[in-house]
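Notes to accompany the following structure.
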Amino acid sequence: MARYGMMIDTRKCVGCFACRVACQMKNTLGPKEGFVHFEFLESGTYPDVSSEAIPMQCMHCADAPCEKVCPTGATYINEAGVVLVDANKCIGCKYCMVACPYSVRMIEEISGVVEKCRFCWDDEMGGPNNPSCVATCIADARVFGDLDDPNSDVAVAIAANDAQPIAGDLTEAKIFYVR
Amino acid sequence: MVWGPMIAVYLFVAGAAAGSYLTASLVSFKYPGGVFTRKAGRIIAPILLAIGLLMLMLDAEAGLRNPLRFLGLFANPRSVMTIGTYIISVFMVVALIVAVLELMGKNVPRALDIVGDIGAICLAGYTGFLLGDSLGVPLWHNSVLPPLFIVSALTSGMAIVSLIGAAFDYVEFEKMGVLRPIHIVLAVLEILLIVALLVIASGRGAAGAESVAMLTTGSLAPAFWIGVVGIGLVLPLAIDLFNMRSTKSEASGEALAQTGVVVGGFLLRFVVVSAGVMMVLL
Amino acid sequence: MSRQMTRRGFLRASAASAALASAGVAGLSGCSSAPAESGPKETKRVATLCNGCSNECGLWVNVRDGVVHTLEGNPDNPKSGGRMCGRGHGFAQMTYSADRLTQPMKRMENGDFEPISWDDAYAEIAEKLTGIIAEHGPQAFAFIRDPRPNINFYGPRFTAALGSANIYTHAAACNLSLQSGYRHTIGGGFSADLANAKMVMFIGRSYADGITPADMKTFANVAVEGDCKLVIVDPRYNNSAHMADQWVPIVPGTDLAFLLAMSHVLIEEELYDKKFVKEHVLGFYAFKKEVEQFTPEWASEICGVDAKTIATLAREMAEAAPAAVVEPSWRAAFGCAHANSFMTARAVAAFNALLGNYGQEGGALITSSPSLGALPADKFPTPPAAQHTRVGNEEYPLAVQGFGTNLAVLKAALEGSMKAVFFYQSNAAKGYANPAVWAEGLANVDLVVDIDVQMSETAMLADYVLPECSYLERLEAVYLLGGKTHQVAIRDKAIDVIHPETRPADQIFRELSAACGVGQYFDFTAEELVEAQLGTIGLTIDELREKGIVELPTSDFKYGKVPTFNTPSGKIELFSVTIGRAGLSPVITWVDRKVHPQEGEFYFVGGKQSIQSHTMTTSIEALMDISKTYDLERLWMNAADAAALGIAEGDEVEISSSEYTDTVHVHVTERLMPGVVYAPTHYGGSSPYLTQGYEFGICTPNFVPFDMEPGVGSTMSQEVAVKIRKVGA
C-alpha cells in the first residue's frame with residue numbers, strides 16, 4: 001500500500017486561496033469553512049523585504065496527536081497513512097482540535113463533526129481522488145503522491161529540494177515544505 | 001481556543017465531585033458524628049458529576065445530535081478522555097449506590113467506599129491530565145497542571161461539602177478539626193503549583209509567554225488575581241489562619257472562606273482553559 | 001444567508017431531493033441534518049468557460065444531481081492550463097447566492113424597487129427607448145458592457161439595430177490607455193514570451209494578483225526553477241515579488257520617466273538593436289533626440305529609482321535581448337491610471353523595439369486571432385451602420401475603436417444630451433469613475449436599464465433591472481482565442497436555470513428587440529447562433545462540447561519572424577502623425593502625472609487581489625469570508641510612515657481626498673514605498689442588496705476626482721492624493 005504525502009513549495013505559493021476554495025467545494029464545506037488556511041509572513045525592512053505565504057492543512061502525521069486523543073476512534077489513520085474522520089463516530093468533543101499543534105481541524109457547522117483535510121480520500125476508489133488543492137494550484141506549488149515510491153513526483157521533489165515538515169520533528173508530518 | 005467555559009465547568013464540577021466524595025469518606029472514617037457533612041459529600045458527588053457530564057455533552061454538538069455516538073467514548077483506551085470515561089463510569093456507579101444508601105439511612109460498606117475513594121482520586125487526576133495531551137499548548141502540556149488540578153479538585157470539593165455541612169450543623173462541623181489544616185496545606189501547595197505553572201509556561205516560547213501574560217496582565221488578569229489568587233487562596237487562607245489561632249470561629253467567616261475556595265476553584269479552571277494559546281510554528 | 005440557499009444546501013439535499021434542486025429553492029428547508037451522502041448520484045461533466053474575470057478560462061464543471069459540485073481547469077485551454085484560481089471557484093457559488101436577482105425590477109417614484117413582469121418591463125422599456133430615439137435621435141442612446149464574447153455579439157448588434165453607434169466597453173477603467181498606446185505604436189497588443197525569456201520586467205503587473213492561471217504557473221516555474229531574471233517595478237512589493245530577482249519600488253505614475261531613461265541609456269551607449277530599428281522603426285531619430293534629455297539622473301529625481309539601478313537594468317535588458325522583454329502589463333500602473341498612461345504604454349513598446357525583441361523567442365510576441373466567416377444573412381441579417389459618430393470619438397480619437405471611452409457617455413449625461421443608457425454586467429457606477437458623479441449623471445438620463453445577475457450599485461441607479469441567469473445556466477456565442485495557437489471555445493449550460501424568472505442574454509435581446517420593433521436582427525436562439533458561427537469554420541456544437549475547446553489551424557505564428565505592425569506606416573511608430581493630430585506629442589516624450597501629493601499627503605494606488613474580481617465578487621460569501629478573515633480590505637502603509645503618524649497594525653484611520661472622506665483599518669508593512677498608500681479596488685460596497693460586501697472596506701473611486709486622460713478618455717484612477725489621520729488621534 002502506498003503512503004501518501006505532499007510537498008508544498010512556498011517559494012512558489014502566492015497565497016491566492018485557490019486551494020482553499022477548490023477544497024471547500026469538493027468537500028461541500030460551508031462558505032466560512034475550510035481545510036486550508038494561510039500564514040502570511042513578512043521580513044526585512046523596506047526596500048530589502050521578503051514575504052512568504054504558507055498554506056496549512058492536516059499534515060497527516062504518522063503519530064497524529066488528534067488520532068491518539070480521539071475518544072471514540074472517529075479519527076483514524078488508514079492503511080495508506082491518511083488521517084481520516086469517520087463522521088458517524090465523531091461526537092464533536094473537539095479534543096482533537098486541542099491536541100493538533102497545527103490548528104488545522106475545524107467544526108463542520110452543518111453536523112457538529114470536527115473535520116479536516118483528507119487528501120481527497122475516496123472510499124469507493126480506495127485512494128485519493130485527485131486532491132483538489134494540488135489539481136487547482138495556479139503556481140504549481142504543490143506535489144502529491146506516494147512517499148514510499150522513490151520515483152513518484154512527490155518523492156523526487158522532496159529529495160531534490162530537501163523539503164522538511166513545517167515544524168521539524170514535532171510530529172511525523174507527511175506534508176513537506178520547501179521554503 | 002476551541003475549548004471554552006463549558007469545559008471549564010466540566011473540569012471544575014468533575015474535580016469537585018471527586019473532592020466532595022473524598023471529603024465525605026474522610027469524615028465518615030474520622031468523625032462518625034459528622035452526619036450532615038458526610039451526607040452532603042456523598043449526595044452531592046454524583047450530582048456534580050452529572051452536571052459535568054451534561055456540560056461535556058452539550059459542548060459536543062455532533063454527539064448531542066446523535067446521542068448513541070456517546071457510547072463510542074469507550075473506544076480508544078489511548079485517549080485520556082476514554083480513560084476518563086472508564087473512571088467516570090465506575091465512579092458514577094459507586095457514587096450513586098453510596099448516595100442511595102446514604103439517603104436510605106443505611107451503612108455504606110467500607111470496601112465499596114474504598115472503591116469510590118480510588119475512583120475519586122482517579123477522577124481528580126483525570127481532570128488534570130485531560131488538558132495535558134495538547135502538544136501545542138504550553139500552558140497545558142506540562143507536568144504541573146495535573147497536580148494543580150488534583151489539588152484544586154480536593155479543595156473545591158472539600159469547600160462545597162464544608163459549606164453545606166456547616167450550614168446544617170455548625171457545631172458538628174467545628175469538631176472536625178482536621179479539615180482546616182488539610183485545606184491550609186493544600187492551599188499553600190496550590191499557590192506553589194500555580195507559581196511553577198507560570199514559570200514553566202513562560203519559558204516555553206511565545207505561546208506560553210502569551211498565556212502567562214493573559215493571566216497576569218491581560219484580559220484574564222482580574223479573574224486570576226482577584227478571583228483565583230485573592231478570593232480563592234489568600235482570603236480563605238487568612239481566615240483559616242485567623243480561625244486556627246482564635247478559640248472560637250465565626251460561622252460567617254467560615255462560609256466566606258469556603259465560598260471563596262469554590263469560586264476560586266472554578267475560576268482557576270476557567271482562566272487556565274481560557275488562557276490556552278496554541279504555539280506559533282512559523 | 002439562509003442555509004437552504006447555499007450550493008452546499010443544494011448538494012446536501014440533492015441526494016434526497018434532486019428534483020427540487022433543479023426546480024428551485026422551495027422545500028429545501030429540511031436540509032440541515034447530517035450529510036445525505038448516500039443514495040445514487042447522477043453526475044455529469046460539462047465543459048464551459050469561467051466568468052469570474054475577463055480571462056474566461058476553460059473549465060470542466062462537475063455536476064451532481066443537477067447541482068454544481070466542483071470545477072476544474074480545462075487542461076486543453078491555454079488560459080487555465082488546467083488550473084483554476086480561487087475567485088473562479090468562488091464565482092460559481094454566486095449561482096446559488098441568496099443575493100441574486102430573481103425577477104425583473106422597476107424603480108418606483110420613491111426610489112424603491114418593485115418586481116415587474118418581463119412583458120411589462122419589455123413594453124415599458126421599448127416605449128421609452130423608441131420614444132427617446134424618435135425625439136433625440138439614436139445618438140442619445142448608449143450601451144456599456146464588460147466585454148465578453150456573448151455580449152460582444154449581442155451588445156453592438158442591439159445598439160446598431162436601434163441606429164446608435166454608442167457602444168462601449170469598460171476599458172476606460174481598465175486597459176484603454178495601454179491598449180491604445182500599443183495600438184498607435186505597434187499596431188495592437190503583444191504578449192511576453194516568459195517561458196523562453198532571459199530577462200523580463202513587469203511594470204505594475206503582478207501575475208499573482210491579477211491572475212491568468214497558466215501564466216502564473218509559467219511565472220512560478222520560471223522564477224523558481226528557471227534562470228530568467230525577473231524584475232518587478234511597482235511601488236508595492238506585490239504577491240509575485242517574492243519570486244522575482246529584483247524589486248524596484250517606483251513612485252506611482254512615473255514609470256514613463258523610468259522607461260525613457262532606460263531608452264536613453266540604450267541609445268546613448270548604442271546598446272539597441274540597430275538592424276531592427278533601421279528596418280522596423282519609424283521616428284527613431286526624433287525619439288533619439290527627444291530622450292537625450294531624459295538621463296537616468298533626471299528620471300531618478302522623478303521616479304525615485306536611483307540612476308545607477310536604471311542604467312544597470314537597461315544594460316542587463318540589452319545584454320539579454322532579444323530574449324528580454326518589458327511585459328505588456330494590464331490595468332494597475334498604466335492601463336487607465338494616470339495622465340501619462342497612454343504615453344507610458346508607448347514607451348514600453350518603444351523600449352521593446354530598442355531591444356529588437358518583437359517576434360523573437362523570449363521577446364515580445366504579436367500574434368493573430370482567428371475569425372469566423374460571415375453568418376448566413378437570411379437568418380442573421382446585419383443591422384445597417386449607424387449614421388452618426390460615436391459620442392466621445394471626436395474628443396478622444398486615440399481610444400481603441402473596439403473599446404471607446406464609456407466616460408464620454410457619463411460626460412454627455414452630465415451635460416444632458418444622453419437620454420438612454422443600457423449597462424450589461426457592468427458595474428460602471430461603482431468602478432469606472434467617481435460613483436457620486438455617475439449618480440449625478442445617470443440622474444439626468446431618462447432611461448437607465450441594467451442587465452445583471454445581482455443588484456449592483458449600477459443597478460441601484462437603473463430604472464429597470466433585468467435579471468440574467470448565471471453563466472453556468474446559459475449557452476453563449478463562441479469564444480475565439482488568439483495567440484501562438486488559435487482556438488475556439490464555448491460557454492455551455494451546465495445546470496438548469498434555478499430561478500425561473502431569470503433569462504439568458506440571447507433571450508433578453510430577442511424579446512427586447514422584438515418589443516422595440518427590431519426583432520428581425522435577433523430571431524434566433526443561442527443554439528442556432530452557435531451552430532451558425534461554428535458552421536462558418538466547419539465545426540459543430542457537439543464537436544466543441546466534447547472538450548470545450550478546439551484548436552484551429554489558422555495560426556501562422558513562427559518564432560524569429562518579425563510580425564506585421566498594424567500601424568499606418570506598417571512600422572513601429574515612435575513618431576505618430578495620428579497622435580500629433582489628436583493634440584498629443586507625436587514623438588514619445590515625458591508627460592507628468594496630473595496630481596502631486598503635497599506635504600502630508602500620500603500617493604494612493606489600487607490593485608487587484610487574487611480572490612476578488614472588480615466589485616462583482618464581493619457578494620460571494622466564501623470569498624468575502626477570506627477577505628474578512630485575513631483583513632484584506634486594509635489600507636497598506638509603509639511602517640516608517642505609520643510610525644510617524646502613530647499608526648499601528650489594525651488601527652482605524654480617516655482617509656480623505658479632495659472628493660471624499662472615509663475610514664478604514666491599516667495594514668502596516670515594509671512592502672510598500674514610503675509616501676504611498678495602497679488599497680484593493682474591490683471593496684466598499686454600497687448596495688444593501690449585496691449583503692456580503694456591503695460597507696466592508698473602502699471604495700477607491702470615491703476618492704478620485706472625475707477626469708479623463710487626454711486623447712483616450714481613460715478614468716485616471718490614480719490621479720489623486722490623500723491625507724491619512726489616525727481616528728481618535
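How things are named: the first chain in the C-alpha cells is A, the next is B, and so on; residues count from 1 in each chain; ligands count from 1 in the order shown.
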Find the residues around Ile160 (chain B) up to 9 Å (only C-alpha atoms counted), leave out those fewer than 5 positions away in its own chain, and share them as an mmCIF file with all heavy atoms, in the first residue's frame.
data_model
loop_
_atom_site.group_PDB
_atom_site.id
_atom_site.type_symbol
_atom_site.label_atom_id
_atom_site.label_comp_id
_atom_site.auth_asym_id
_atom_site.auth_seq_id
_atom_site.Cartn_x
_atom_site.Cartn_y
_atom_site.Cartn_z
ATOM 1 N N ALA B 16 -14.606 18.706 41.604
ATOM 2 C CA ALA B 16 -15.285 18.971 42.871
ATOM 3 C C ALA B 16 -16.065 17.746 43.327
ATOM 4 O O ALA B 16 -16.157 17.464 44.542
ATOM 5 C CB ALA B 16 -16.217 20.172 42.734
ATOM 6 N N GLY B 19 -13.549 15.607 44.963
ATOM 7 C CA GLY B 19 -13.185 16.204 46.245
ATOM 8 C C GLY B 19 -14.282 16.020 47.279
ATOM 9 O O GLY B 19 -14.009 15.719 48.448
ATOM 10 N N SER B 20 -15.518 16.185 46.858
ATOM 11 C CA SER B 20 -16.652 16.016 47.767
ATOM 12 C C SER B 20 -16.689 14.596 48.312
ATOM 13 O O SER B 20 -16.859 14.351 49.506
ATOM 14 C CB SER B 20 -17.976 16.274 47.025
ATOM 15 O OG SER B 20 -18.005 17.558 46.528
ATOM 16 N N ALA B 40 -23.827 15.312 52.936
ATOM 17 C CA ALA B 40 -23.691 16.330 51.889
ATOM 18 C C ALA B 40 -22.693 15.867 50.828
ATOM 19 O O ALA B 40 -22.963 15.913 49.620
ATOM 20 C CB ALA B 40 -23.231 17.645 52.507
ATOM 21 N N GLY B 41 -21.542 15.400 51.246
ATOM 22 C CA GLY B 41 -20.496 14.973 50.300
ATOM 23 C C GLY B 41 -20.958 13.827 49.434
ATOM 24 O O GLY B 41 -20.736 13.818 48.213
ATOM 25 N N ILE B 44 -23.872 14.939 47.053
ATOM 26 C CA ILE B 44 -23.557 15.969 46.055
ATOM 27 C C ILE B 44 -22.583 15.458 44.984
ATOM 28 O O ILE B 44 -22.592 15.936 43.843
ATOM 29 C CB ILE B 44 -23.034 17.225 46.770
ATOM 30 C CG1 ILE B 44 -23.490 18.463 45.970
ATOM 31 C CG2 ILE B 44 -21.519 17.236 46.882
ATOM 32 C CD1 ILE B 44 -23.491 19.693 46.806
ATOM 33 N N THR B 155 -9.617 20.717 47.181
ATOM 34 C CA THR B 155 -10.039 21.865 47.991
ATOM 35 C C THR B 155 -11.445 22.309 47.615
ATOM 36 O O THR B 155 -12.250 22.655 48.476
ATOM 37 C CB THR B 155 -9.068 23.055 47.836
ATOM 38 O OG1 THR B 155 -8.925 23.367 46.453
ATOM 39 C CG2 THR B 155 -7.706 22.735 48.413
ATOM 40 N N GLY B 165 -22.226 21.275 55.026
ATOM 41 C CA GLY B 165 -22.205 20.668 56.363
ATOM 42 C C GLY B 165 -22.309 21.722 57.451
ATOM 43 O O GLY B 165 -23.109 21.586 58.396
ATOM 44 N N GLN B 258 -15.062 29.293 52.618
ATOM 45 C CA GLN B 258 -15.400 28.140 51.766
ATOM 46 C C GLN B 258 -15.953 28.592 50.414
ATOM 47 O O GLN B 258 -15.637 28.025 49.372
ATOM 48 C CB GLN B 258 -16.427 27.239 52.459
ATOM 49 C CG GLN B 258 -16.018 26.770 53.851
ATOM 50 C CD GLN B 258 -14.730 25.957 53.856
ATOM 51 O OE1 GLN B 258 -14.171 25.662 52.800
ATOM 52 N NE2 GLN B 258 -14.231 25.630 55.040
ATOM 53 N N THR B 259 -16.788 29.621 50.472
ATOM 54 C CA THR B 259 -17.322 30.149 49.203
ATOM 55 C C THR B 259 -16.171 30.644 48.330
ATOM 56 O O THR B 259 -16.146 30.415 47.112
ATOM 57 C CB THR B 259 -18.307 31.302 49.472
ATOM 58 O OG1 THR B 259 -19.279 30.844 50.411
ATOM 59 C CG2 THR B 259 -19.000 31.737 48.192
ATOM 60 N N VAL B 261 -13.139 29.573 48.261
ATOM 61 C CA VAL B 261 -12.428 28.433 47.679
ATOM 62 C C VAL B 261 -13.181 27.895 46.458
ATOM 63 O O VAL B 261 -12.582 27.581 45.423
ATOM 64 C CB VAL B 261 -12.245 27.307 48.741
ATOM 65 C CG1 VAL B 261 -11.683 26.048 48.087
ATOM 66 C CG2 VAL B 261 -11.330 27.779 49.860
ATOM 67 N N VAL B 262 -14.511 27.798 46.578
ATOM 68 C CA VAL B 262 -15.307 27.273 45.470
ATOM 69 C C VAL B 262 -15.205 28.195 44.250
ATOM 70 O O VAL B 262 -14.930 27.752 43.138
ATOM 71 C CB VAL B 262 -16.788 27.101 45.893
ATOM 72 C CG1 VAL B 262 -17.631 26.688 44.687
ATOM 73 C CG2 VAL B 262 -16.898 26.081 46.997
#
Determine which residues of chain A sit within 9 Å of chain B, taking into account only C-alpha atoms, and present them as JSON, numbers by chain. {"A": [39, 41, 65, 67, 68, 69, 70, 71, 72, 73, 74, 87, 88, 89, 90, 91, 92, 93, 94, 95, 96, 97, 98, 99, 100, 101, 102, 103, 111, 112, 113, 114, 166, 167, 170]}
Store the residues of this selection in a file with N, CA and C atoms, as an mmCIF file, in the first residue's frame.
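Below is the file that was written, selection.cif:
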data_model
loop_
_atom_site.group_PDB
_atom_site.id
_atom_site.type_symbol
_atom_site.label_atom_id
_atom_site.label_comp_id
_atom_site.auth_asym_id
_atom_site.auth_seq_id
_atom_site.Cartn_x
_atom_site.Cartn_y
_atom_site.Cartn_z
ATOM 1 N N GLU A 39 -0.759 31.158 6.516
ATOM 2 C CA GLU A 39 0.038 32.047 7.353
ATOM 3 C C GLU A 39 0.797 32.961 6.392
ATOM 4 N N LEU A 41 3.807 35.679 6.127
ATOM 5 C CA LEU A 41 4.963 36.222 6.830
ATOM 6 C C LEU A 41 5.599 37.331 6.003
ATOM 7 N N PRO A 65 -1.403 13.337 16.809
ATOM 8 C CA PRO A 65 -1.919 13.588 18.150
ATOM 9 C C PRO A 65 -3.446 13.578 18.193
ATOM 10 N N GLU A 67 -5.402 11.727 16.486
ATOM 11 C CA GLU A 67 -5.876 10.334 16.471
ATOM 12 C C GLU A 67 -5.729 9.721 17.856
ATOM 13 N N LYS A 68 -4.619 10.049 18.515
ATOM 14 C CA LYS A 68 -4.374 9.485 19.843
ATOM 15 C C LYS A 68 -5.452 9.922 20.829
ATOM 16 N N VAL A 69 -5.836 11.194 20.773
ATOM 17 C CA VAL A 69 -6.761 11.693 21.801
ATOM 18 C C VAL A 69 -8.219 11.436 21.475
ATOM 19 N N CYS A 70 -8.521 11.089 20.238
ATOM 20 C CA CYS A 70 -9.929 10.929 19.859
ATOM 21 C C CYS A 70 -10.561 9.797 20.649
ATOM 22 N N PRO A 71 -11.504 10.092 21.535
ATOM 23 C CA PRO A 71 -12.007 9.047 22.432
ATOM 24 C C PRO A 71 -12.841 7.992 21.716
ATOM 25 N N THR A 72 -13.502 8.375 20.650
ATOM 26 C CA THR A 72 -14.422 7.436 20.010
ATOM 27 C C THR A 72 -13.784 6.675 18.849
ATOM 28 N N GLY A 73 -12.546 7.017 18.531
ATOM 29 C CA GLY A 73 -11.930 6.377 17.377
ATOM 30 C C GLY A 73 -12.458 6.924 16.058
ATOM 31 N N ALA A 74 -13.169 8.052 16.119
ATOM 32 C CA ALA A 74 -13.671 8.649 14.877
ATOM 33 C C ALA A 74 -12.502 9.057 13.988
ATOM 34 N N ALA A 87 -17.240 10.348 10.202
ATOM 35 C CA ALA A 87 -18.211 11.340 10.677
ATOM 36 C C ALA A 87 -19.312 10.702 11.510
ATOM 37 N N ASN A 88 -19.540 9.428 11.305
ATOM 38 C CA ASN A 88 -20.607 8.776 12.051
ATOM 39 C C ASN A 88 -20.206 8.393 13.465
ATOM 40 N N LYS A 89 -18.923 8.550 13.777
ATOM 41 C CA LYS A 89 -18.473 8.247 15.134
ATOM 42 C C LYS A 89 -18.170 9.504 15.938
ATOM 43 N N CYS A 90 -17.935 10.616 15.250
ATOM 44 C CA CYS A 90 -17.476 11.826 15.940
ATOM 45 C C CYS A 90 -18.586 12.405 16.814
ATOM 46 N N ILE A 91 -18.224 12.707 18.079
ATOM 47 C CA ILE A 91 -19.201 13.354 18.961
ATOM 48 C C ILE A 91 -18.997 14.867 19.009
ATOM 49 N N GLY A 92 -17.932 15.344 18.398
ATOM 50 C CA GLY A 92 -17.689 16.782 18.394
ATOM 51 C C GLY A 92 -17.113 17.305 19.698
ATOM 52 N N CYS A 93 -16.329 16.488 20.402
ATOM 53 C CA CYS A 93 -15.793 16.929 21.697
ATOM 54 C C CYS A 93 -14.649 17.923 21.540
ATOM 55 N N LYS A 94 -14.087 17.997 20.337
ATOM 56 C CA LYS A 94 -13.038 18.959 19.999
ATOM 57 C C LYS A 94 -11.691 18.680 20.653
ATOM 58 N N TYR A 95 -11.549 17.511 21.260
ATOM 59 C CA TYR A 95 -10.266 17.155 21.878
ATOM 60 C C TYR A 95 -9.171 17.130 20.800
ATOM 61 N N CYS A 96 -9.537 16.660 19.622
ATOM 62 C CA CYS A 96 -8.570 16.609 18.521
ATOM 63 C C CYS A 96 -8.087 18.003 18.134
ATOM 64 N N MET A 97 -9.003 18.974 18.201
ATOM 65 C CA MET A 97 -8.625 20.347 17.850
ATOM 66 C C MET A 97 -7.639 20.909 18.865
ATOM 67 N N VAL A 98 -7.857 20.527 20.127
ATOM 68 C CA VAL A 98 -6.962 20.979 21.183
ATOM 69 C C VAL A 98 -5.596 20.305 21.039
ATOM 70 N N ALA A 99 -5.632 19.063 20.595
ATOM 71 C CA ALA A 99 -4.389 18.284 20.532
ATOM 72 C C ALA A 99 -3.545 18.609 19.305
ATOM 73 N N CYS A 100 -4.172 19.050 18.223
ATOM 74 C CA CYS A 100 -3.432 19.275 16.979
ATOM 75 C C CYS A 100 -2.582 20.542 17.080
ATOM 76 N N PRO A 101 -1.279 20.421 17.030
ATOM 77 C CA PRO A 101 -0.440 21.619 17.170
ATOM 78 C C PRO A 101 -0.449 22.508 15.932
ATOM 79 N N TYR A 102 -1.058 22.027 14.839
ATOM 80 C CA TYR A 102 -1.081 22.815 13.604
ATOM 81 C C TYR A 102 -2.391 23.594 13.448
ATOM 82 N N SER A 103 -3.312 23.371 14.370
ATOM 83 C CA SER A 103 -4.621 24.068 14.325
ATOM 84 C C SER A 103 -5.289 23.946 12.957
ATOM 85 N N SER A 111 -22.989 19.700 10.813
ATOM 86 C CA SER A 111 -23.109 18.427 11.516
ATOM 87 C C SER A 111 -22.528 18.449 12.919
ATOM 88 N N GLY A 112 -21.714 19.446 13.218
ATOM 89 C CA GLY A 112 -21.018 19.470 14.505
ATOM 90 C C GLY A 112 -19.802 18.569 14.540
ATOM 91 N N VAL A 113 -19.560 17.881 13.436
ATOM 92 C CA VAL A 113 -18.423 16.966 13.357
ATOM 93 C C VAL A 113 -17.133 17.775 13.135
ATOM 94 N N VAL A 114 -16.053 17.338 13.791
ATOM 95 C CA VAL A 114 -14.780 18.000 13.568
ATOM 96 C C VAL A 114 -14.108 17.343 12.364
ATOM 97 N N ILE A 166 6.902 21.303 8.427
ATOM 98 C CA ILE A 166 6.867 22.715 8.797
ATOM 99 C C ILE A 166 7.401 22.949 10.214
ATOM 100 N N ALA A 167 7.248 21.956 11.084
ATOM 101 C CA ALA A 167 7.685 22.169 12.461
ATOM 102 C C ALA A 167 8.704 21.117 12.893
ATOM 103 N N LEU A 170 8.335 17.853 15.411
ATOM 104 C CA LEU A 170 7.233 17.995 16.370
ATOM 105 C C LEU A 170 6.283 16.805 16.273
#
Would you give me, as a PyMOL selection string, the residues of chain C that come within 6 Å of chain A, using only C-alpha atoms? chain C and resi 8+32+34+70+83-86+89+208+213+216-217+220+239+242+610+621-622+625+670
Who sits within 12 Å of region 237-241 of chain B, only C-alpha atoms, same chain under 4 positions skipped, as a compact mmCIF listing (two decimals) with N, CA and C atoms, in the first residue's frame:
# COMPACT_ATOMS: atom_id res chain seq x y z
N THR B 155 -9.62 20.72 47.18
CA THR B 155 -10.04 21.87 47.99
C THR B 155 -11.44 22.31 47.61
N GLY B 177 -11.75 19.13 63.21
CA GLY B 177 -10.57 20.00 63.19
C GLY B 177 -9.57 19.71 62.09
N VAL B 178 -9.57 18.50 61.59
CA VAL B 178 -8.52 18.14 60.64
C VAL B 178 -8.71 18.82 59.28
N LEU B 179 -9.95 19.20 58.97
CA LEU B 179 -10.21 19.78 57.64
C LEU B 179 -9.43 21.06 57.42
N ARG B 180 -9.34 21.86 58.47
CA ARG B 180 -8.70 23.16 58.31
C ARG B 180 -7.21 23.03 57.98
N PRO B 181 -6.44 22.30 58.76
CA PRO B 181 -5.03 22.14 58.36
C PRO B 181 -4.87 21.48 56.99
N ILE B 182 -5.73 20.55 56.65
CA ILE B 182 -5.64 19.95 55.30
C ILE B 182 -5.81 21.05 54.26
N HIS B 183 -6.80 21.90 54.46
CA HIS B 183 -7.02 22.97 53.50
C HIS B 183 -5.83 23.89 53.41
N ILE B 184 -5.26 24.20 54.59
CA ILE B 184 -4.10 25.11 54.58
C ILE B 184 -2.94 24.51 53.79
N VAL B 185 -2.69 23.25 54.03
CA VAL B 185 -1.59 22.59 53.32
C VAL B 185 -1.86 22.59 51.81
N LEU B 186 -3.10 22.20 51.45
CA LEU B 186 -3.43 22.14 50.03
C LEU B 186 -3.36 23.51 49.38
N ALA B 187 -3.83 24.53 50.10
CA ALA B 187 -3.84 25.88 49.54
C ALA B 187 -2.41 26.37 49.30
N VAL B 188 -1.53 26.11 50.23
CA VAL B 188 -0.13 26.50 50.05
C VAL B 188 0.47 25.75 48.86
N LEU B 189 0.16 24.45 48.80
CA LEU B 189 0.63 23.64 47.67
C LEU B 189 0.11 24.21 46.35
N GLU B 190 -1.13 24.61 46.35
CA GLU B 190 -1.75 25.15 45.13
C GLU B 190 -1.04 26.43 44.70
N ILE B 191 -0.71 27.26 45.68
CA ILE B 191 0.00 28.50 45.34
C ILE B 191 1.35 28.17 44.70
N VAL B 229 -6.44 34.01 42.93
CA VAL B 229 -5.46 34.24 43.98
C VAL B 229 -6.09 34.87 45.23
N GLY B 230 -6.83 35.96 45.00
CA GLY B 230 -7.37 36.70 46.14
C GLY B 230 -8.49 35.95 46.85
N ILE B 231 -9.58 35.77 46.13
CA ILE B 231 -10.77 35.17 46.75
C ILE B 231 -10.57 33.68 47.00
N GLY B 232 -9.87 33.01 46.07
CA GLY B 232 -9.79 31.55 46.15
C GLY B 232 -8.68 31.04 47.05
N LEU B 233 -7.62 31.81 47.25
CA LEU B 233 -6.48 31.29 48.00
C LEU B 233 -6.13 32.16 49.21
N ARG B 245 -6.05 30.34 65.23
CA ARG B 245 -5.45 30.97 66.40
C ARG B 245 -6.50 31.36 67.43
N SER B 246 -7.66 31.75 66.97
CA SER B 246 -8.70 32.12 67.92
C SER B 246 -9.37 30.87 68.47
N THR B 247 -10.00 31.04 69.57
CA THR B 247 -10.61 29.88 70.24
C THR B 247 -11.92 29.51 69.57
N LYS B 248 -12.60 30.51 69.08
CA LYS B 248 -13.91 30.21 68.53
C LYS B 248 -14.06 30.91 67.16
N SER B 249 -14.41 30.15 66.19
CA SER B 249 -14.53 30.76 64.86
C SER B 249 -15.98 31.18 64.61
N GLU B 250 -16.13 32.12 63.66
CA GLU B 250 -17.44 32.62 63.30
C GLU B 250 -17.96 31.84 62.09
N ALA B 251 -19.23 31.47 62.14
CA ALA B 251 -19.80 30.73 61.02
C ALA B 251 -19.75 31.56 59.73
N SER B 252 -19.97 32.87 59.86
CA SER B 252 -19.99 33.70 58.64
C SER B 252 -18.60 33.74 58.00
N GLY B 253 -17.57 33.84 58.82
CA GLY B 253 -16.21 33.83 58.31
C GLY B 253 -15.90 32.53 57.59
N GLU B 254 -16.33 31.47 58.20
CA GLU B 254 -16.11 30.15 57.62
C GLU B 254 -16.81 30.04 56.26
N ALA B 255 -18.05 30.50 56.23
CA ALA B 255 -18.82 30.43 54.98
C ALA B 255 -18.13 31.24 53.90
N LEU B 256 -17.62 32.40 54.30
CA LEU B 256 -16.93 33.27 53.34
C LEU B 256 -15.70 32.56 52.76
N ALA B 257 -14.94 31.93 53.67
CA ALA B 257 -13.73 31.23 53.24
C ALA B 257 -14.07 30.11 52.26
N GLN B 258 -15.06 29.29 52.62
CA GLN B 258 -15.40 28.14 51.77
C GLN B 258 -15.95 28.59 50.41
N THR B 259 -16.79 29.62 50.47
CA THR B 259 -17.32 30.15 49.20
C THR B 259 -16.17 30.64 48.33
N GLY B 260 -15.23 31.30 48.97
CA GLY B 260 -14.06 31.80 48.24
C GLY B 260 -13.33 30.67 47.56
N VAL B 261 -13.14 29.57 48.26
CA VAL B 261 -12.43 28.43 47.68
C VAL B 261 -13.18 27.90 46.46
Residue contacts of region 117-125 of chain A (7 Å, only C-alpha atoms) excluding same-chain residues fewer than 6 positions away, as a ChimeraX atom specification: /A:35,57-58,82-84,131
DSSP on the backbone, then: every residue of region 24-239 of chain B marked helix (DSSP H, G or I), written as a VMD selection string. chain B and resid 24 to 30 35 to 59 61 to 65 67 to 74 80 to 103 110 to 132 145 to 168 170 to 174 179 to 202 205 to 216 221 to 239
Report as JSON, numbers by chain: the residues of region 10-155 of chain A with a DSSP assignment of strand (DSSP E), based on the backbone of this structure. {"A": [37, 38, 39, 40, 41, 42, 43, 44, 45, 48, 49, 50, 51, 52, 53, 54, 55, 56, 75, 76, 77, 83, 84, 85, 106, 107, 114, 115, 121, 122, 127, 128, 142, 143, 144, 145, 146]}
